[in-house]
Amino acid sequence: MKCVYCGGIDSKVIDSRLSEDGYTVRRRRECISCGKRFTTYEKVESTPVLVIKNNGNRQIFDPSKIKNGLLKACEKRPVPASVIDKIVNDIEKTVNNSLVQEITSKKIGEMVMAALKEVDDVAYVRFASVHREFKDINTFLEEINSILKGKNLN
């Protein structure tokens, strides 16, 4: 590993720790040439998953887009940030563990809605209205009625 201070290419690892997410290794290194210490991070390189959008375009899967959608849906709702992060992490794991190279945005949206349905009904309807492109108030009412029917069965 190249030293950030002197550019030397020899260093020794002083300490290694697994990060909280379990996917990154933090290494504390010491340069053999100048003796200064610096930190590096190692992450497993994975094949990117492509998301097929409704218009047929493909984009690299980006969990931050899921988080942004969740934040908008949960705005002014009693949903803790830790719950939003857990939903994002769970979906990211599901997508990466599926071993597919492509996934539709519709499938990702359905995963988000399934998670939101368990967390907050209002956030769920907000997200569903954008994801399913509700056209009018009747579509909203149908979705709300399906939620109420589900609650009455339980």
# chains A, B, ... in the order shown; residues from 1 in each chain; ligands from 1
>>> closest_atom_pairs(of="range 79-139 of chain A", to="range 39-51 of chain A", cutoff="10 Å", atoms="only C-alpha atoms", output="JSON lines")
{"residue": "A:Val95", "atom": "CA", "partner": "A:Val49", "partner_atom": "CA", "distance": 7.9}
{"residue": "A:Asn96", "atom": "CA", "partner": "A:Val49", "partner_atom": "CA", "distance": 7.4}
{"residue": "A:Ser98", "atom": "CA", "partner": "A:Val49", "partner_atom": "CA", "distance": 9.9}
{"residue": "A:Leu99", "atom": "CA", "partner": "A:Val49", "partner_atom": "CA", "distance": 8.7}
{"residue": "A:Val100", "atom": "CA", "partner": "A:Val49", "partner_atom": "CA", "distance": 7.1}
{"residue": "A:Gln101", "atom": "CA", "partner": "A:Val49", "partner_atom": "CA", "distance": 4.8}
{"residue": "A:Glu102", "atom": "CA", "partner": "A:Leu50", "partner_atom": "CA", "distance": 4.6}
{"residue": "A:Ile103", "atom": "CA", "partner": "A:Val51", "partner_atom": "CA", "distance": 5.0}
{"residue": "A:Thr104", "atom": "CA", "partner": "A:Val51", "partner_atom": "CA", "distance": 5.4}
{"residue": "A:Ser105", "atom": "CA", "partner": "A:Val51", "partner_atom": "CA", "distance": 5.9}
{"residue": "A:Lys106", "atom": "CA", "partner": "A:Val51", "partner_atom": "CA", "distance": 9.4}
{"residue": "A:Lys107", "atom": "CA", "partner": "A:Val51", "partner_atom": "CA", "distance": 9.5}
{"residue": "A:Ile108", "atom": "CA", "partner": "A:Val51", "partner_atom": "CA", "distance": 8.7}
>>> write_last_selection(atoms="C-alpha atoms", output="compact mmCIF listing (two decimals), in the first residue's frame")
# COMPACT_ATOMS: atom_id res chain seq x y z
CA VAL A 95 -30.51 -7.88 -4.26
CA ASN A 96 -26.83 -8.75 -3.89
CA SER A 98 -29.95 -13.02 -5.41
CA LEU A 99 -26.97 -13.52 -7.75
CA VAL A 100 -28.82 -11.81 -10.59
CA GLN A 101 -27.07 -9.25 -12.75
CA GLU A 102 -30.27 -7.34 -13.51
CA ILE A 103 -33.39 -6.55 -11.52
CA THR A 104 -36.40 -4.42 -12.38
CA SER A 105 -37.17 -1.20 -10.55
CA LYS A 106 -40.68 -2.61 -10.12
CA LYS A 107 -39.30 -5.56 -8.10
CA ILE A 108 -37.23 -3.24 -5.90
>>> closest_residue(among="A:Arg37, A:Lys151, A:Lys12, A:Lys67", to="Val83 in chain A", atoms="only C-alpha atoms")
A:Lys67
>>> closest_residue(among="A:Ile137, A:Cys3, A:Ile91, A:Cys74", to="Asp120 in chain A", atoms="only C-alpha atoms")
A:Cys74
>>> closest_residue(among="A:Gly7, A:Gly69, A:Asn97, A:Val25", to="Ser129 in chain A", atoms="only C-alpha atoms")
A:Gly69
>>> select_by_dssp(residues="chain A", states="strand (DSSP E or B)", output="number ranges by chain")
A: 11-18, 24-31, 37-43, 50-52, 58-60, 102-104
>>> write_last_selection(atoms="N, CA and C atoms", output="JSON list (two decimals), in the first residue's frame")
[["chain", "number", "residue", "atom", "x", "y", "z"],
["A", 11, "SER", "N", 4.64, -1.00, 3.63],
["A", 11, "SER", "CA", 4.02, -0.67, 4.91],
["A", 11, "SER", "C", 3.70, -1.96, 5.63],
["A", 12, "LYS", "N", 3.52, -1.85, 6.94],
["A", 12, "LYS", "CA", 3.11, -3.03, 7.69],
["A", 12, "LYS", "C", 1.80, -2.74, 8.39],
["A", 13, "VAL", "N", 1.00, -3.77, 8.55],
["A", 13, "VAL", "CA", -0.31, -3.63, 9.18],
["A", 13, "VAL", "C", -0.12, -3.69, 10.69],
["A", 14, "ILE", "N", -0.60, -2.66, 11.38],
["A", 14, "ILE", "CA", -0.52, -2.57, 12.83],
["A", 14, "ILE", "C", -1.76, -3.17, 13.48],
["A", 15, "ASP", "N", -2.94, -2.89, 12.87],
["A", 15, "ASP", "CA", -4.21, -3.33, 13.45],
["A", 15, "ASP", "C", -5.23, -3.53, 12.33],
["A", 16, "SER", "N", -6.06, -4.55, 12.45],
["A", 16, "SER", "CA", -7.16, -4.80, 11.51],
["A", 16, "SER", "C", -8.44, -4.99, 12.29],
["A", 17, "ARG", "N", -9.49, -4.35, 11.81],
["A", 17, "ARG", "CA", -10.81, -4.50, 12.46],
["A", 17, "ARG", "C", -11.90, -4.57, 11.41],
["A", 18, "LEU", "N", -12.88, -5.39, 11.69],
["A", 18, "LEU", "CA", -14.06, -5.48, 10.84],
["A", 18, "LEU", "C", -14.98, -4.32, 11.18],
["A", 24, "THR", "N", -16.59, -4.28, 5.47],
["A", 24, "THR", "CA", -15.37, -3.52, 5.26],
["A", 24, "THR", "C", -14.37, -3.84, 6.36],
["A", 25, "VAL", "N", -13.09, -3.93, 5.97],
["A", 25, "VAL", "CA", -12.02, -4.14, 6.93],
["A", 25, "VAL", "C", -11.21, -2.85, 7.03],
["A", 26, "ARG", "N", -11.06, -2.36, 8.24],
["A", 26, "ARG", "CA", -10.27, -1.16, 8.50],
["A", 26, "ARG", "C", -8.88, -1.62, 8.92],
["A", 27, "ARG", "N", -7.86, -1.13, 8.23],
["A", 27, "ARG", "CA", -6.49, -1.50, 8.58],
["A", 27, "ARG", "C", -5.68, -0.25, 8.93],
["A", 28, "ARG", "N", -5.02, -0.32, 10.06],
["A", 28, "ARG", "CA", -4.10, 0.73, 10.47],
["A", 28, "ARG", "C", -2.72, 0.28, 10.02],
["A", 29, "ARG", "N", -2.04, 1.12, 9.24],
["A", 29, "ARG", "CA", -0.74, 0.76, 8.67],
["A", 29, "ARG", "C", 0.35, 1.73, 9.11],
["A", 30, "GLU", "N", 1.59, 1.22, 9.07],
["A", 30, "GLU", "CA", 2.75, 2.07, 9.35],
["A", 30, "GLU", "C", 3.71, 1.96, 8.19],
["A", 31, "CYS", "N", 4.12, 3.11, 7.67],
["A", 31, "CYS", "CA", 5.04, 3.14, 6.54],
["A", 31, "CYS", "C", 6.44, 2.71, 7.00],
["A", 37, "ARG", "N", 1.83, 6.73, 10.31],
["A", 37, "ARG", "CA", 0.72, 5.78, 10.26],
["A", 37, "ARG", "C", -0.44, 6.36, 9.46],
["A", 38, "PHE", "N", -1.17, 5.47, 8.79],
["A", 38, "PHE", "CA", -2.34, 5.86, 8.03],
["A", 38, "PHE", "C", -3.33, 4.70, 8.02],
["A", 39, "THR", "N", -4.57, 5.01, 7.66],
["A", 39, "THR", "CA", -5.64, 4.02, 7.68],
["A", 39, "THR", "C", -6.09, 3.70, 6.27],
["A", 40, "THR", "N", -6.34, 2.42, 6.01],
["A", 40, "THR", "CA", -6.91, 2.01, 4.73],
["A", 40, "THR", "C", -8.17, 1.19, 5.01],
["A", 41, "TYR", "N", -9.02, 1.12, 4.01],
["A", 41, "TYR", "CA", -10.25, 0.33, 4.11],
["A", 41, "TYR", "C", -10.30, -0.63, 2.93],
["A", 42, "GLU", "N", -10.65, -1.87, 3.22],
["A", 42, "GLU", "CA", -10.80, -2.87, 2.17],
["A", 42, "GLU", "C", -12.25, -3.30, 2.10],
["A", 43, "LYS", "N", -12.74, -3.41, 0.89],
["A", 43, "LYS", "CA", -14.12, -3.84, 0.68],
["A", 43, "LYS", "C", -14.13, -4.87, -0.45],
["A", 50, "LEU", "N", -27.50, -4.31, -12.24],
["A", 50, "LEU", "CA", -28.14, -3.27, -13.02],
["A", 50, "LEU", "C", -29.64, -3.27, -12.75],
["A", 51, "VAL", "N", -30.19, -2.09, -12.64],
["A", 51, "VAL", "CA", -31.63, -1.93, -12.43],
["A", 51, "VAL", "C", -32.25, -1.55, -13.77],
["A", 52, "ILE", "N", -33.26, -2.33, -14.18],
["A", 52, "ILE", "CA", -33.97, -2.04, -15.42],
["A", 52, "ILE", "C", -35.14, -1.13, -15.08],
["A", 58, "ARG", "N", -31.04, 1.13, -18.23],
["A", 58, "ARG", "CA", -30.39, 0.39, -17.16],
["A", 58, "ARG", "C", -29.47, 1.32, -16.38],
["A", 59, "GLN", "N", -29.50, 1.18, -15.05],
["A", 59, "GLN", "CA", -28.63, 1.95, -14.17],
["A", 59, "GLN", "C", -28.02, 1.01, -13.15],
["A", 60, "ILE", "N", -26.87, 1.39, -12.62],
["A", 60, "ILE", "CA", -26.25, 0.60, -11.57],
["A", 60, "ILE", "C", -27.10, 0.73, -10.31],
["A", 102, "GLU", "N", -29.29, -8.38, -13.22],
["A", 102, "GLU", "CA", -30.27, -7.34, -13.51],
["A", 102, "GLU", "C", -31.53, -7.58, -12.70],
["A", 103, "ILE", "N", -32.14, -6.48, -12.28],
["A", 103, "ILE", "CA", -33.39, -6.55, -11.52],
["A", 103, "ILE", "C", -34.24, -5.36, -11.95],
["A", 104, "THR", "N", -35.54, -5.53, -11.97],
["A", 104, "THR", "CA", -36.40, -4.42, -12.38],
["A", 104, "THR", "C", -36.64, -3.46, -11.23]]
>>> closest_residue(among="A:Asp85, A:Asp62, A:Glu110, A:Asp136", to="Tyr124 in chain A", atoms="only C-alpha atoms")
A:Glu110
>>> atom_distance(atom1="CA of Leu141 in chain A", atom2="CA of Gly109 in chain A")
20.0 Å
>>> residues_around(residues="Ser33 in chain A", least_positions_apart="5", cutoff="8 Å", atoms="only C-alpha atoms", output="PyMOL selection string")
chain A and resi 6+8+10-11
>>> closest_residue(among="A:Ile144, A:Cys34, A:Ala73, A:Val79", to="Ala123 in chain A", atoms="only C-alpha atoms")
A:Ala73
>>> select_by_dssp(residues="range 22-137 of chain A", states="alpha helix (DSSP H)", output="JSON, numbers by chain")
{"A": [63, 64, 65, 66, 67, 68, 69, 70, 71, 72, 73, 81, 82, 83, 84, 85, 86, 87, 88, 89, 90, 91, 92, 93, 94, 95, 96, 97, 105, 106, 107, 108, 109, 110, 111, 112, 113, 114, 115, 116, 117, 118, 119, 121, 122, 123, 124, 125, 126, 127, 128, 129, 130, 131, 137]}
>>> closest_residue(among="A:Val4, A:Val112, A:Ala128, A:Lys72", to="Lys86 in chain A", atoms="only C-alpha atoms")
A:Val112
